[in-house]
$ cat work27.txt   # compact mmCIF, C-alpha atoms
# COMPACT_ATOMS: atom_id res chain seq x y z
CA MET A 18 45.61 -37.36 -126.83
CA ALA A 19 47.27 -40.29 -125.05
CA SER A 20 48.23 -43.30 -127.13
CA PRO A 21 46.24 -46.55 -126.66
CA ASN A 22 49.37 -48.31 -125.38
CA THR A 23 49.94 -45.92 -122.49
CA GLU A 24 46.24 -45.92 -121.63
CA ASP A 25 46.14 -49.74 -121.66
CA LEU A 26 49.23 -49.87 -119.46
CA ALA A 27 47.77 -47.38 -117.00
CA ASN A 28 44.48 -49.30 -116.83
CA LYS A 29 46.34 -52.57 -116.29
CA PHE A 30 48.40 -50.93 -113.55
CA LEU A 31 45.18 -50.02 -111.73
CA LYS A 32 43.79 -53.56 -111.76
CA CYS A 33 44.31 -56.29 -109.19
CA GLU A 34 46.11 -59.30 -110.67
CA LEU A 35 43.93 -61.71 -108.70
CA CYS A 36 40.40 -60.51 -109.49
CA ASN A 37 41.33 -58.55 -112.64
CA ASN A 38 39.10 -55.69 -111.47
CA GLU A 39 39.96 -52.19 -110.39
CA PHE A 40 41.60 -52.16 -106.96
CA GLU A 41 39.24 -52.15 -104.01
CA ASP A 42 40.98 -51.15 -100.77
CA PRO A 43 44.50 -51.88 -102.15
CA LYS A 44 47.02 -53.17 -99.62
CA LEU A 45 50.81 -53.04 -99.96
CA LEU A 46 52.63 -56.18 -98.80
CA ASP A 47 56.21 -56.31 -97.53
CA CYS A 48 57.31 -57.79 -100.87
CA LEU A 49 55.89 -54.59 -102.49
CA HIS A 50 53.14 -56.45 -104.35
CA THR A 51 49.68 -54.88 -104.13
CA PHE A 52 46.29 -56.59 -104.15
CA CYS A 53 42.76 -55.92 -102.96
CA GLU A 54 42.46 -56.68 -99.25
CA LYS A 55 39.67 -59.19 -99.83
CA CYS A 56 41.76 -60.94 -102.53
CA ILE A 57 44.69 -61.28 -100.11
CA MET A 58 42.47 -62.75 -97.42
CA LYS A 59 40.71 -65.03 -99.88
CA SER A 60 44.05 -66.49 -101.03
CA ASN A 61 45.18 -67.07 -97.41
CA THR A 62 42.65 -69.67 -96.30
CA GLU A 63 45.14 -71.57 -94.14
CA SER A 64 46.30 -70.02 -90.88
CA ALA A 65 49.85 -68.62 -90.87
CA GLY A 66 49.82 -66.95 -87.46
CA ASN A 67 50.17 -63.18 -87.72
CA ASN A 68 51.39 -63.44 -91.31
CA VAL A 69 49.74 -63.53 -94.71
CA LEU A 70 51.54 -64.95 -97.72
CA CYS A 71 51.79 -62.96 -100.92
CA PRO A 72 49.56 -64.66 -103.53
CA LYS A 73 52.25 -64.07 -106.16
CA CYS A 74 55.66 -64.68 -104.52
CA GLN A 75 54.58 -66.39 -101.26
CA LEU A 76 56.69 -64.07 -99.08
CA PRO A 77 55.13 -63.37 -95.66
CA THR A 78 53.80 -60.04 -94.36
CA ASP A 79 53.16 -59.40 -90.68
CA THR A 80 49.52 -58.43 -90.08
CA GLN A 81 49.77 -57.84 -86.35
CA HIS A 82 49.22 -54.11 -86.88
CA GLY A 83 47.09 -54.54 -89.99
CA LEU A 84 47.98 -54.36 -93.67
CA ARG A 85 49.36 -51.11 -95.07
CA ASN A 86 47.20 -49.08 -97.41
CA ASN A 87 48.70 -48.39 -100.82
CA HIS A 88 47.84 -44.70 -100.94
CA PHE A 89 49.59 -44.26 -104.26
CA ILE A 90 47.39 -46.85 -106.01
CA SER A 91 44.30 -45.44 -104.28
CA GLY A 92 45.25 -41.99 -105.53
CA LEU A 93 45.75 -43.28 -109.06
CA SER A 94 42.36 -44.98 -108.98
CA THR A 95 40.79 -41.71 -107.88
CA LEU A 96 42.71 -39.88 -110.59
CA SER A 97 41.50 -42.39 -113.18
CA GLY A 98 37.89 -41.71 -112.18
CA VAL A 99 38.45 -37.96 -112.30
CA LYS A 100 40.07 -38.30 -115.72
CA SER A 101 37.05 -40.20 -117.10
CA LEU A 102 34.75 -37.53 -115.72
CA ALA A 103 36.94 -34.74 -117.13
CA ARG A 104 36.71 -36.25 -120.62
CA LYS A 105 32.92 -36.24 -120.47
CA SER A 106 32.33 -32.93 -118.69
CA PRO A 107 35.29 -30.91 -117.30
CA GLN A 108 32.95 -28.60 -115.40
CA SER A 109 31.52 -31.52 -113.42
CA VAL A 110 34.88 -32.32 -111.77
CA ARG A 111 34.60 -31.07 -108.20
CA CYS A 112 37.27 -29.94 -105.75
CA HIS A 113 38.25 -32.74 -103.35
CA ASP A 114 38.33 -30.51 -100.27
CA CYS A 115 35.13 -28.73 -101.25
CA ILE A 116 33.31 -32.05 -101.55
CA LEU A 117 34.28 -32.79 -97.97
CA GLY A 118 32.76 -29.48 -96.92
CA ASP A 119 29.52 -27.76 -97.87
CA SER A 120 30.73 -26.05 -101.04
CA ARG A 121 30.61 -27.62 -104.53
CA GLN A 122 33.30 -25.64 -106.39
CA SER A 123 34.49 -26.91 -109.76
CA ALA A 124 38.07 -28.10 -109.86
CA VAL A 125 40.56 -26.23 -112.06
CA CYS A 126 43.56 -28.54 -111.62
CA VAL A 127 44.90 -31.72 -110.06
CA CYS A 128 47.94 -31.90 -107.78
CA VAL A 129 50.33 -34.43 -109.37
CA VAL A 130 51.76 -35.38 -105.97
CA CYS A 131 48.56 -35.60 -103.90
CA LEU A 132 46.51 -36.84 -106.90
CA GLN A 133 43.51 -34.75 -105.86
CA PRO A 134 41.38 -32.24 -107.85
CA MET A 135 41.38 -28.68 -106.48
CA CYS A 136 39.50 -25.46 -107.03
CA SER A 137 41.44 -22.22 -107.49
CA VAL A 138 41.08 -21.25 -103.82
CA ASP A 139 42.37 -24.58 -102.49
CA LYS A 140 45.17 -24.59 -105.05
CA ASN A 141 46.43 -21.21 -103.83
CA ALA A 142 46.39 -22.48 -100.23
CA HIS A 143 48.05 -25.74 -101.31
CA VAL A 144 50.87 -23.89 -103.08
CA LYS A 145 51.70 -21.98 -99.90
CA HIS A 146 52.17 -25.18 -97.90
CA PHE A 147 53.58 -27.41 -100.65
CA ALA A 148 55.69 -25.24 -102.92
CA ASP A 149 57.35 -28.27 -104.53
CA HIS A 150 54.12 -29.81 -105.79
CA THR A 151 53.15 -29.48 -109.44
CA TYR A 152 49.73 -29.37 -111.07
CA VAL A 153 47.92 -30.24 -114.29
CA THR A 154 44.79 -28.47 -115.45
CA ILE A 155 41.56 -30.41 -115.84
CA THR A 156 41.94 -30.00 -119.61
CA GLU A 157 45.46 -31.51 -119.50
CA LEU A 158 44.14 -34.35 -117.36
CA ALA A 159 41.49 -35.16 -119.96
CA GLU A 160 43.98 -35.09 -122.85
CA LYS A 161 47.05 -36.79 -121.34
CA SER A 162 47.51 -40.34 -120.13
CA ILE A 163 47.80 -41.05 -116.43
CA LEU A 164 51.34 -42.32 -116.98
CA ASP A 165 52.32 -39.05 -118.65
CA ILE A 166 50.92 -37.14 -115.70
CA ILE A 167 52.51 -39.09 -112.85
CA THR A 168 55.89 -39.32 -114.61
CA ARG A 169 56.33 -35.58 -114.93
CA GLU A 170 59.72 -34.26 -113.82
CA SER A 171 58.44 -33.59 -110.31
CA ALA A 172 57.59 -37.26 -109.85
CA ASP A 173 61.22 -38.13 -109.15
CA LEU A 174 61.03 -35.92 -106.04
CA LEU A 175 58.72 -38.29 -104.17
CA CYS A 176 59.75 -40.25 -101.09
CA SER A 177 61.32 -43.61 -101.91
CA LEU A 178 59.49 -45.27 -98.98
CA HIS A 179 56.19 -43.37 -99.23
CA PRO A 180 55.52 -42.68 -102.95
CA HIS A 181 52.48 -40.56 -102.12
CA ARG A 182 54.55 -38.05 -100.11
CA THR A 183 56.87 -35.30 -101.29
CA GLY A 184 60.58 -35.77 -100.70
CA VAL A 185 62.23 -33.18 -98.48
CA ALA A 186 65.73 -34.64 -98.06
CA LEU A 187 68.27 -37.03 -99.52
CA CYS A 188 69.88 -39.88 -97.56
CA MET A 189 73.51 -39.70 -98.63
CA ASP A 190 74.24 -43.19 -97.24
CA CYS A 191 71.33 -45.01 -98.91
CA ASN A 192 70.95 -42.67 -101.91
CA GLN A 193 67.19 -42.34 -101.35
CA ILE A 194 64.81 -39.38 -101.43
CA LEU A 195 62.92 -39.17 -98.15
CA CYS A 196 59.86 -37.46 -96.75
CA ALA A 197 59.96 -35.93 -93.26
CA GLU A 198 58.62 -39.09 -91.60
CA SER A 199 61.17 -41.35 -93.31
CA CYS A 200 64.02 -39.09 -92.14
CA VAL A 201 62.94 -39.48 -88.52
CA VAL A 202 61.70 -43.07 -88.44
CA SER A 203 63.83 -45.06 -90.90
CA HIS A 204 67.01 -43.01 -91.46
CA GLN A 205 67.68 -41.30 -88.14
CA LYS A 206 71.29 -42.60 -88.09
CA CYS A 207 72.05 -41.75 -91.70
CA ASN A 208 73.74 -38.74 -93.25
CA ILE A 209 70.80 -36.60 -94.39
CA SER A 210 71.10 -33.67 -96.77
CA ARG A 211 68.35 -31.09 -97.18
CA GLU A 212 69.99 -29.78 -100.37
CA PHE A 213 68.75 -32.77 -102.32
CA LYS A 214 67.37 -30.73 -105.21
CA THR A 215 70.77 -29.18 -105.81
CA ILE A 216 72.36 -32.63 -105.61
CA LEU A 217 69.82 -34.09 -108.00
CA THR A 218 70.32 -31.25 -110.44
CA GLU A 219 74.09 -31.75 -110.32
CA ASN A 220 73.67 -35.51 -110.76
CA LYS A 221 71.38 -34.99 -113.76
CA GLN A 222 73.93 -32.64 -115.29
CA ASN A 223 76.68 -35.20 -114.67
CA VAL A 224 74.57 -37.88 -116.32
CA ARG A 225 73.96 -35.63 -119.32
CA GLU A 226 77.70 -34.99 -119.66
CA ILE A 227 78.45 -38.70 -119.37
CA LEU A 228 75.82 -39.48 -122.01
CA LEU A 229 77.31 -36.87 -124.35
CA LYS A 230 80.81 -38.29 -123.89
CA SER A 231 79.56 -41.84 -124.24
CA THR A 232 77.95 -40.96 -127.58
CA ASP A 233 81.39 -40.39 -129.10
CA THR A 234 82.73 -43.52 -127.41
CA ILE A 235 79.84 -45.60 -128.74
CA ALA A 236 80.43 -44.22 -132.25
CA GLU A 237 84.12 -45.18 -132.02
CA MET A 238 83.22 -48.65 -130.74
CA LYS A 239 80.76 -49.15 -133.59
CA SER A 240 83.43 -48.09 -136.09
CA THR A 241 85.95 -50.48 -134.50
CA ILE A 242 83.42 -53.32 -134.55
CA GLN A 243 82.68 -52.64 -138.21
CA GLN A 244 86.42 -52.65 -139.01
CA HIS A 245 86.88 -55.92 -137.13
CA GLY A 246 83.89 -57.32 -138.98
CA LYS A 247 85.41 -56.35 -142.33
CA ARG A 248 88.77 -57.87 -141.35
CA LYS A 249 86.99 -61.06 -140.29
CA ARG A 250 85.10 -61.29 -143.58
CA ASP A 251 88.31 -60.63 -145.56
CA ALA A 252 90.15 -63.31 -143.56
CA GLU A 253 87.31 -65.81 -144.13
CA ILE A 254 87.41 -65.16 -147.90
CA SER A 255 91.21 -65.51 -147.98
CA LEU A 256 90.98 -68.78 -146.04
CA GLN A 257 88.40 -70.16 -148.46
CA LEU A 258 90.58 -69.25 -151.46
CA LEU A 259 93.66 -70.81 -149.85
CA GLU A 260 91.77 -74.01 -149.02
CA ALA A 261 90.51 -74.22 -152.60
CA THR A 262 94.06 -73.73 -153.95
CA ILE A 263 95.49 -76.40 -151.63
CA ASP A 264 92.73 -78.85 -152.58
CA LYS A 265 93.41 -78.22 -156.27
CA GLU A 266 97.18 -78.62 -155.97
CA PHE A 267 96.94 -81.80 -153.88
CA SER A 268 94.37 -83.23 -156.28
CA PHE A 269 96.82 -82.65 -159.13
CA ILE A 270 99.66 -84.22 -157.13
CA PHE A 271 97.53 -87.26 -156.26
CA GLN A 272 96.62 -87.64 -159.93
CA VAL A 273 100.29 -87.55 -161.01
CA LEU A 274 101.27 -90.05 -158.29
CA GLU A 275 98.43 -92.38 -159.26
CA GLU A 276 99.52 -92.30 -162.93
CA ARG A 277 103.16 -92.95 -161.92
CA LYS A 278 102.03 -95.83 -159.70
CA LEU A 279 100.13 -97.46 -162.54
CA GLU A 280 103.12 -96.96 -164.86
CA LEU A 281 105.55 -98.65 -162.43
CA LEU A 282 103.16 -101.54 -161.80
CA SER A 283 102.83 -102.06 -165.54
CA LYS A 284 106.60 -102.14 -166.05
CA ALA A 285 107.05 -104.54 -163.14
CA LYS A 286 104.46 -106.87 -164.60
CA GLU A 287 106.09 -106.75 -168.04
CA GLU A 288 109.44 -107.62 -166.49
CA TYR A 289 108.44 -110.51 -164.26
CA GLN A 290 105.34 -111.98 -165.90
CA PRO A 291 107.30 -113.89 -168.65
CA THR A 292 109.40 -115.63 -166.00
CA ILE A 293 106.28 -116.54 -164.03
CA ASP A 294 104.65 -117.94 -167.16
CA GLU A 295 107.77 -119.92 -168.08
CA ILE A 296 107.97 -121.58 -164.65
CA VAL A 297 104.32 -122.52 -164.76

$ encode --input "work27.txt" --output "structure tokens"
Amino acid sequence: MASPNTEDLANKFLKCELCNNEFEDPKLLDCLHTFCEKCIMKSNTESAGNNVLCPKCQLPTDTQHGLRNNHFISGLSTLSGVKSLARKSPQSVRCHDCILGDSRQSAVCVCVVCLQPMCSVDKNAHVKHFADHTYVTITELAEKSILDIITRESADLLCSLHPHRTGVALCMDCNQILCAESCVVSHQKCNISREFKTILTENKQNVREILLKSTDTIAEMKSTIQQHGKRKRDAEISLQLLEATIDKEFSFIFQVLEERKLELLSKAKEEYQPTIDEIV
């Protein structure tokens, strides 16, 4: 069962910051903030030409061709509803494609990438066209948090520009995973590699090796820091002892000098006072 913290975080992630309700027609602004369309329009009462200002950061977004739908948030909202239904009655979760048609087949799984429930027939067809997609059963969906589901290992193979689409290539210049559309539209002049899974696997292995090596380095650094800390404490104690010794010795010297001073003053007075008295 998912922990309350992850569930609370997932629920918060699916709520608009302006109305504090679940997203309704979520729109993605150029600053990458997402709000309900009506909340965006409500916060932009003054005319700004073809632009709307982000209610949070005030950066403009061109609306000449309309605001972009945030398909990822819409998918998560749908998934959240399916999850609630799966907890109550797993058999009542229906296949997304079947609902659009005449059939009412029960769903057996959810595609983690498309965020849609599927029956066994549609899943088999889906696998043929999207071999890279992964799935969770309806039972897993009911038991796990949404964050656990969408952060499965396959989630890092989504397009950097279109999070709801599967990545098919890696831009070597920008170091971004791209879907087919992003390759053609946004990165047509870049160095594109279709072997991105191999590259990612190699990079993960390199990171693991670096982490293993860094573990020893961190241990050595901690040991060095502890040694320096001990040396510092020893030096501070030695300094305190030396200061105390110096204070004691100088106090003794001052005491001896003060006694000698009083002795000399007394002798001087004994020698010259009779003469002073005689003159007076």

$ axis_aligned_box --input "work27.txt" --around "stretch 40-48 of chain A" --padding-each-side "3 Å" --output "lines of an AutoDock Vina configuration file"
center_x = 48.3
center_y = -54.5
center_z = -102.2
size_x = 24.1
size_y = 12.6
size_z = 15.4

$ residues_around --input "work27.txt" --residues "A:Asp47" --least-positions-apart "6" --cutoff "9 Å" --atoms "all atoms listed in the file" --output "list in words"
Cys71, Leu76, Pro77, Thr78, Asp79 and Arg85 of chain A

$ atom_distance --input "work27.txt" --atom1 "atom CA of A:Ile155" --atom2 "atom CA of A:Met135"
9.5 Å

$ atom_distance --input "work27.txt" --atom1 "atom CA of A:Cys126" --atom2 "atom CA of A:Asn141"
11.1 Å

$ closest_residue --input "work27.txt" --among "A:Cys196, A:Leu102, A:Val130, A:Val202" --to "A:Thr156" --atoms "only C-alpha atoms"
A:Leu102

$ atom_distance --input "work27.txt" --atom1 "atom CA of A:Thr215" --atom2 "atom CA of A:Cys131"
23.2 Å
